[in-house]
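K.L.:
Take this structure first; my questions come after.
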Protein chains: 2
Amino acid sequence: MKNRKIILTENEIPDKWYNIMADMPNKPLPPLHPGTMQPIGPDALAPLFPMALIMQEVSADKWVEIPDEVRDIYTIWRPTPLYRAYGLEKALNTPAKIYYKYEGTSPSGSHKPNTAVPQAYYNAKEGVKKIATETGAGQWGSALSFACNHFDMKCEVYMVRVSYDSKPYRKIMMNTWGADVYPSPSNRTEAGRKILSEYPDSPGSLGIAISEAIEVAASDPDTKYALGSVLNHVLLHQTIIGQEALKQMEKAGDMPDIVIAPFGGGSNFAGLSFPFLRLNFEEGRKIRCIASEPASCPKLTRGIFRYDFGDTIGMTPLLPMFTLGHNFVPAPIHAGGLRYHGAGVIVSQLLKDKLIEAVSHSNPEVFEAGILFARTEGIIPAPEAAHGIATVIAEAKKCKEEGVSKTILFNLCGHGYFDMKAYQDYFEGKIKEHVLSDAEIQASLKELTTPEIA
Amino acid sequence: MKNRKIILTENEIPDKWYNIMADMPNKPLPPLHPGTMQPIGPDALAPLFPMALIMQEVSADKWVEIPDEVRDIYTIWRPTPLYRAYGLEKALNTPAKIYYKYEGTSPSGSHKPNTAVPQAYYNAKEGVKKIATETGAGQWGSALSFACNHFDMKCEVYMVRVSYDSKPYRKIMMNTWGADVYPSPSNRTEAGRKILSEYPDSPGSLGIAISEAIEVAASDPDTKYALGSVLNHVLLHQTIIGQEALKQMEKAGDMPDIVIAPFGGGSNFAGLSFPFLRLNFEEGRKIRCIASEPASCPKLTRGIFRYDFGDTIGMTPLLPMFTLGHNFVPAPIHAGGLRYHGAGVIVSQLLKDKLIEAVSHSNPEVFEAGILFARTEGIIPAPEAAHGIATVIAEAKKCKEEGVSKTILFNLCGHGYFDMKAYQDYFEGKIKEHVLSDAEIQASLKELTTPEIA
């Protein structure tokens, strides 16, 4: 009997996160204050984040110790298994060897708790009583609810109203872990009330929900704010994924030629790929790391590298990133976690320096990939994860055409148990591609008044 | 850092199932033909089941080899982890040590694939092209869809209409694995058409769905039928759970004093407990094995031991079992997997011989237990699984009162990701106890015309 999974023991959970900033040939440009256009320092973030996380955000240390309390909660679902995808390989009749790291074993069903737990921990340690956050599809809100519950902190989630109404089960999941969930826009904040007075039936947006959560955090000294992707400390925490995968690949006696992960704001991709990029930096290896994004929200493949706001409304510092413009509104797709206009600054700099690659996939292609995976490997992937699978299939087919055996590793970042409606829409022929014209992208980018980058 | 999980390697997956029939002091009485009242032989089952499963149904061999092809598919989610419930122990402030075996890691989210996979395998090996089955809440239908897909067999699921309408996501899950799912009663069978002609708006029942699936199997030589609990071969396959748990308890340097599992038809309970009962038989140990059933469907705690039909309509052979009467209709509860009027014959005989115990829990008590578990251990349990947790909490509290440290092991048979509506109902105060009067039970039992057992 062939071994399908490569398993680590709890004692093999890494005890440090890897900070790629230390190894990057070109460091990201600093964030700018949108009023003064001057670089902002750590203090500017103090109302929103605990100091420990701000220090991680700007840290140049290559390794950051994982606190024992965090590793202890990690053991609820970590180490996660690494699978050899025998079923998928057979179906594709490819000479490629395909492996995947499965992050769907966490209680909230995705990789998000990898950062939610340390974020909750550092907040609790600094005496914070409540964390406010936003959530779109619900993955991040679920993960943070789970994490706050473990440190006896309150969690207040502003959930985009259209999701709140259409995905009630994500809300109940958060309630089960003790969180309070409000549809956004709500009448609990000035930002929310302002929107509601103008648009009483507003379906909400991630931008509005961010504004509400930030307002709650900024106006109460016992409350902080938390973000589920994009920021450097979030990417840092997610490197637990790739570090485990590296140990597991070594146990399998193999090493990936290609590392693939879905791309929303960057934490999923960074989590798996950065520990392998480290080998490129340290040992001169040439592991290709490919980010998979939706064709309907193609910031990496069709956006520009420029200073832009991290949110839709323009409350954050300006960040140097690949962006479609903060006013860009992607077509509604089921991979809610990938509908973000920009990319985190580290990943953006890496792409600009051609140290990583990016590809995009159409919506129907993504669901075909997800269903093929479910039927050959058994696990039903989240639509976000299926983007990575589409890239894997494309690369595995290329191996077949070229008659070469490459080793491919990808991040199966979550299961699809809360996304069955998406599969239903696919089966009913409702998943269409929204082909984005160059004119549409240019129109969105033209609105940008933020500084260009030489 | 304390170890939370005890993990096995794939090579440690047991290679045999344990057949408790070999060790039982009193073997179950034979099934009877309802017309002749004579014992029926294996041949009577041949239209519905492949011969390999019929032979397992009547086998007296203590150990049954697990085929490599089955173990290979088991590796998709097996071995499953054994957890030490540190969080729950702390919350209960109990001297008891609590362990749980977590079966929710399977692709369909419960222990059901443990038997769905071998059932599909033996059918495929005998050239069967399609398996027909029924499903209520959807756990069994999902598991069999997953399993049939792996052996390139068709799977036709008759899903109780009220579930089909209210739980569309379970249906889509089955579709994703390639199964055809029909609301029952359907117009595809005589049984279904007959019901529909009398009651066009029938919400369906498990009994009707069984009749449809059996009719489909009986009328097509290429189609067989499969059942997800109750039968001996189903219990046999589930012993993989307890055998793994036994190895894991040994690795932990511990041994349970009490083994607890939820009880529907018996496969969940048998799966965990039988390998520990073996130690009672072989070594004279006194491990208490407790079945947890809902107070609204209390066949073990308030039913009688008697010959009765396995289904509602009266199509099956008569089986010697603890029953509430095959016409008993339990109040609608969220633990759909536990709403069955009778108990499998092996478990019934064991209970009659006082070799196992049974307790029941009210609905609100079960949800309180489930939520306490989610908040202390992280995993949100299925309502079925939460019945076992309620028993665990009761036993752990008893340990505290008595000041003794016992070791408790229970079966966390599935996660609650598809049951969030149940938690919503609890939070909204809609989960009430249906107190069953003695008169109600007597009324149901009085309808029985089947033979009594001396």
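Identifiers for the structure tokens are assigned positionally: chains receive A, B, ... in sequence, residues are indexed from 1 per chain, and ligands are indexed from 1 in the order shown.
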Determine which residues of chain B sit within 7 Å of chain A, taking into account only C-alpha atoms, and present them as JSON, numbers by chain.

P.N.:
{"B": [1, 3, 4, 10, 68, 72, 75, 107, 146, 149, 169, 172, 173, 176, 177, 371, 374, 375, 378, 379, 417, 420, 421, 424]}

K.L.:
Which polymer residues have any atom within 8 Å of an atom of A:Ser211, counting only C-alpha atoms, with same-chain residues fewer than 6 positions away left out, as a list in words?

P.N.:
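Listed by chain and then number, they are Ala191, Ile313 and Met315 of chain A.
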
K.L.:
Among stretch 56-184 of chain A, which residues carry a DSSP assignment of strand (DSSP E), reported as an MDAnalysis selection string?

P.N.:
chainID A and resid 63:65 82:84 97:102 130:135 154:160 180:184

K.L.:
Export, as a tab-separated table (two decimals), in the first residue's frame, the selected residues with N, CA, C and O atoms.

P.N.:
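result-v9.tsv written:
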chain	number	residue	atom	x	y	z
A	63	TRP	N	13.73	35.41	11.68
A	63	TRP	CA	12.91	34.42	12.37
A	63	TRP	C	12.20	35.05	13.55
A	63	TRP	O	12.80	35.81	14.30
A	64	VAL	N	10.94	34.74	13.73
A	64	VAL	CA	10.15	35.27	14.84
A	64	VAL	C	9.59	34.09	15.64
A	64	VAL	O	8.90	33.23	15.08
A	65	GLU	N	9.91	34.06	16.90
A	65	GLU	CA	9.51	32.95	17.78
A	65	GLU	C	7.98	32.83	17.86
A	65	GLU	O	7.29	33.83	18.02
A	82	LEU	N	0.17	16.59	4.58
A	82	LEU	CA	0.58	16.80	3.19
A	82	LEU	C	0.16	15.55	2.42
A	82	LEU	O	0.48	14.43	2.83
A	83	TYR	N	-0.58	15.74	1.34
A	83	TYR	CA	-1.07	14.62	0.55
A	83	TYR	C	-0.31	14.49	-0.76
A	83	TYR	O	0.02	15.49	-1.40
A	84	ARG	N	-0.08	13.28	-1.18
A	84	ARG	CA	0.30	13.01	-2.56
A	84	ARG	C	-1.00	12.78	-3.32
A	84	ARG	O	-1.80	11.91	-2.95
A	97	LYS	N	4.50	14.82	-10.47
A	97	LYS	CA	4.12	14.39	-9.13
A	97	LYS	C	3.45	15.57	-8.44
A	97	LYS	O	4.02	16.66	-8.38
A	98	ILE	N	2.24	15.34	-7.93
A	98	ILE	CA	1.47	16.44	-7.34
A	98	ILE	C	1.27	16.21	-5.85
A	98	ILE	O	0.82	15.12	-5.44
A	99	TYR	N	1.61	17.19	-5.07
A	99	TYR	CA	1.39	17.16	-3.61
A	99	TYR	C	0.50	18.34	-3.22
A	99	TYR	O	0.53	19.38	-3.87
A	100	TYR	N	-0.26	18.16	-2.15
A	100	TYR	CA	-0.96	19.33	-1.62
A	100	TYR	C	-0.96	19.35	-0.10
A	100	TYR	O	-1.01	18.31	0.56
A	101	LYS	N	-0.85	20.55	0.41
A	101	LYS	CA	-0.93	20.79	1.84
A	101	LYS	C	-2.38	21.12	2.14
A	101	LYS	O	-2.95	22.03	1.52
A	102	TYR	N	-3.01	20.40	3.08
A	102	TYR	CA	-4.44	20.57	3.32
A	102	TYR	C	-4.70	21.36	4.59
A	102	TYR	O	-4.53	20.85	5.70
A	130	LYS	N	-11.54	43.36	23.50
A	130	LYS	CA	-12.42	43.04	22.37
A	130	LYS	C	-11.69	43.31	21.06
A	130	LYS	O	-10.93	44.28	20.97
A	131	ILE	N	-11.92	42.46	20.05
A	131	ILE	CA	-11.39	42.73	18.72
A	131	ILE	C	-12.57	42.94	17.78
A	131	ILE	O	-13.52	42.15	17.79
A	132	ALA	N	-12.48	44.01	16.99
A	132	ALA	CA	-13.49	44.24	15.96
A	132	ALA	C	-12.88	43.92	14.60
A	132	ALA	O	-11.71	44.19	14.36
A	133	THR	N	-13.67	43.32	13.74
A	133	THR	CA	-13.17	43.02	12.40
A	133	THR	C	-14.32	43.01	11.41
A	133	THR	O	-15.48	43.09	11.80
A	134	GLU	N	-13.95	42.90	10.13
A	134	GLU	CA	-14.96	42.77	9.09
A	134	GLU	C	-14.87	41.37	8.51
A	134	GLU	O	-13.84	40.71	8.65
A	135	THR	N	-15.92	40.92	7.85
A	135	THR	CA	-15.81	39.68	7.09
A	135	THR	C	-16.73	39.76	5.89
A	135	THR	O	-17.80	40.38	5.96
A	154	LYS	N	-13.82	39.28	23.68
A	154	LYS	CA	-14.99	39.46	22.84
A	154	LYS	C	-14.57	39.65	21.39
A	154	LYS	O	-13.48	40.18	21.12
A	155	CYS	N	-15.41	39.26	20.49
A	155	CYS	CA	-15.14	39.43	19.07
A	155	CYS	C	-16.40	40.02	18.44
A	155	CYS	O	-17.50	39.51	18.64
A	156	GLU	N	-16.21	41.15	17.72
A	156	GLU	CA	-17.35	41.84	17.11
A	156	GLU	C	-17.11	41.86	15.61
A	156	GLU	O	-16.14	42.47	15.14
A	157	VAL	N	-17.97	41.20	14.88
A	157	VAL	CA	-17.73	41.03	13.44
A	157	VAL	C	-18.75	41.81	12.64
A	157	VAL	O	-19.97	41.66	12.83
A	158	TYR	N	-18.26	42.66	11.73
A	158	TYR	CA	-19.13	43.37	10.79
A	158	TYR	C	-19.12	42.60	9.49
A	158	TYR	O	-18.11	42.53	8.80
A	159	MET	N	-20.27	41.99	9.20
A	159	MET	CA	-20.36	41.09	8.05
A	159	MET	C	-21.14	41.80	6.94
A	159	MET	O	-22.26	42.27	7.18
A	160	VAL	N	-20.55	41.85	5.77
A	160	VAL	CA	-21.19	42.49	4.62
A	160	VAL	C	-22.64	41.99	4.51
A	160	VAL	O	-22.88	40.78	4.50
A	180	ASP	N	-20.19	38.23	18.44
A	180	ASP	CA	-21.36	39.02	18.04
A	180	ASP	C	-21.16	39.42	16.58
A	180	ASP	O	-20.11	39.95	16.21
A	181	VAL	N	-22.17	39.18	15.78
A	181	VAL	CA	-22.06	39.44	14.35
A	181	VAL	C	-23.16	40.42	13.95
A	181	VAL	O	-24.33	40.21	14.29
A	182	TYR	N	-22.77	41.48	13.24
A	182	TYR	CA	-23.74	42.49	12.80
A	182	TYR	C	-23.66	42.66	11.29
A	182	TYR	O	-22.56	42.68	10.74
A	183	PRO	N	-24.83	42.80	10.67
A	183	PRO	CA	-24.79	43.08	9.23
A	183	PRO	C	-24.29	44.50	9.00
A	183	PRO	O	-24.66	45.41	9.75
A	184	SER	N	-23.43	44.65	8.02
A	184	SER	CA	-22.86	45.97	7.72
A	184	SER	C	-23.36	46.45	6.36
A	184	SER	O	-23.33	45.66	5.41

K.L.:
With only C-alpha atoms as the counted atoms, please give the residues lying no more than 12 Å from A:Ser267, apart from itself and same-chain residues fewer than 6 positions off, as a count of residues only.

P.N.:
37

K.L.:
Quick one: distance from atom CA of A:Gly207 to atom CA of A:Gly192 in Å, one decimal?

P.N.:
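Separation of atom CA of A:Gly207 and atom CA of A:Gly192: 11.1 Å.
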
K.L.:
Just want the 10 Å neighbourhood of A:Leu29, counted on only C-alpha atoms, with same-chain residues fewer than 6 positions away dropped. Output as a ChimeraX atom specification.

P.N.:
/A:39,307,319-321,345-346,349,453

K.L.:
How about saving the chosen residues, N, CA, C and O atoms kept, as a PDB file, in the first residue's frame?

P.N.:
ATOM      1  N   PRO A  39       6.398  59.064   4.806  1.00  0.00           N
ATOM      2  CA  PRO A  39       6.356  57.719   5.397  1.00  0.00           C
ATOM      3  C   PRO A  39       5.788  57.753   6.808  1.00  0.00           C
ATOM      4  O   PRO A  39       6.070  58.700   7.559  1.00  0.00           O
ATOM      5  N   TYR A 307       1.291  53.240  -5.580  1.00  0.00           N
ATOM      6  CA  TYR A 307       0.738  53.513  -4.256  1.00  0.00           C
ATOM      7  C   TYR A 307      -0.789  53.576  -4.351  1.00  0.00           C
ATOM      8  O   TYR A 307      -1.344  54.210  -5.255  1.00  0.00           O
ATOM      9  N   LEU A 319      -0.210  52.320   0.251  1.00  0.00           N
ATOM     10  CA  LEU A 319       0.700  51.177   0.214  1.00  0.00           C
ATOM     11  C   LEU A 319       1.189  50.947  -1.214  1.00  0.00           C
ATOM     12  O   LEU A 319       0.411  51.078  -2.168  1.00  0.00           O
ATOM     13  N   PRO A 320       2.478  50.602  -1.371  1.00  0.00           N
ATOM     14  CA  PRO A 320       3.015  50.333  -2.708  1.00  0.00           C
ATOM     15  C   PRO A 320       2.644  48.921  -3.154  1.00  0.00           C
ATOM     16  O   PRO A 320       3.168  47.951  -2.622  1.00  0.00           O
ATOM     17  N   MET A 321       1.735  48.837  -4.114  1.00  0.00           N
ATOM     18  CA  MET A 321       1.249  47.481  -4.420  1.00  0.00           C
ATOM     19  C   MET A 321       0.714  47.356  -5.833  1.00  0.00           C
ATOM     20  O   MET A 321       0.403  48.350  -6.489  1.00  0.00           O
ATOM     21  N   VAL A 345       2.050  44.326   0.185  1.00  0.00           N
ATOM     22  CA  VAL A 345       3.245  45.003  -0.338  1.00  0.00           C
ATOM     23  C   VAL A 345       4.424  44.049  -0.561  1.00  0.00           C
ATOM     24  O   VAL A 345       5.196  44.235  -1.498  1.00  0.00           O
ATOM     25  N   ILE A 346       4.579  43.055   0.278  1.00  0.00           N
ATOM     26  CA  ILE A 346       5.721  42.140   0.101  1.00  0.00           C
ATOM     27  C   ILE A 346       5.557  41.356  -1.199  1.00  0.00           C
ATOM     28  O   ILE A 346       6.471  41.279  -2.031  1.00  0.00           O
ATOM     29  N   GLN A 349       6.141  43.531  -4.241  1.00  0.00           N
ATOM     30  CA  GLN A 349       7.555  43.781  -4.540  1.00  0.00           C
ATOM     31  C   GLN A 349       8.208  42.546  -5.157  1.00  0.00           C
ATOM     32  O   GLN A 349       9.000  42.647  -6.101  1.00  0.00           O
ATOM     33  N   ILE A 453       4.984  55.106  -8.927  1.00  0.00           N
ATOM     34  CA  ILE A 453       6.288  54.646  -8.428  1.00  0.00           C
ATOM     35  C   ILE A 453       7.232  54.554  -9.619  1.00  0.00           C
ATOM     36  O   ILE A 453       6.887  53.955 -10.646  1.00  0.00           O
TER      37      ILE A 453
END

K.L.:
Which is closer to B:Tyr426 than all the others in B:His334, B:His387, B:Arg339, B:Lys398, using only C-alpha atoms?

P.N.:
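Among the listed residues, the smallest separation from B:Tyr426 belongs to B:His334.
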
K.L.:
Can you pull out the residues contacting B:Tyr122? Cut-off 9 Å, using only C-alpha atoms, and skip same-chain residues under 3 positions away; I want them as a list in words.

P.N.:
Pro50, Met51, Ala52, Leu53, Val117, Pro118, Gln119, Lys125, Glu126, Gly127 and Val128 of chain B

K.L.:
Rounded to one decimal, what separation in Å do you get between atom CA of B:Ala454 and atom CA of B:Gly303?

P.N.:
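So the answer is 15.8 Å.
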
K.L.:
Output as a list in words all residues of stretch 118-159 of chain B that backbone DSSP marks as alpha helix (DSSP H).

P.N.:
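Alpha helix (DSSP H) assignments inside stretch 118-159 of chain B correspond to Pro118, Gln119, Ala120, Tyr121, Tyr122, Asn123, Ala124, Lys125, Gln139, Trp140, Gly141, Ser142, Ala143, Leu144, Ser145, Phe146, Ala147, Cys148, Asn149 and His150 of chain B.
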
K.L.:
Which neighbours of A:Ala295 fall inside 6 Å, counting only C-alpha atoms, when residues of the same chain fewer than 5 positions from it are skipped, and could you give them as number ranges by chain?

P.N.:
A: 360-362

K.L.:
To one decimal place in Å, what is the distance between atom CA of A:Pro221 and atom CA of A:Ser205?

P.N.:
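If I compute the distance from atom CA of A:Pro221 to atom CA of A:Ser205, I get 26.0 Å.
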
K.L.:
I'd like the contact shell of A:Leu445 - 9 Å cut-off, only C-alpha atoms, skipping same-chain residues fewer than 5 positions apart - returned as number ranges by chain.

P.N.:
A: 303-304, 323-328, 440

K.L.:
Which residue gives the smallest distance to B:Glu12 among B:Gln243, B:Gln442, B:Ser437, B:Ser142, with only C-alpha atoms counted?

P.N.:
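Of all the options, B:Gln243 lies closest to B:Glu12.
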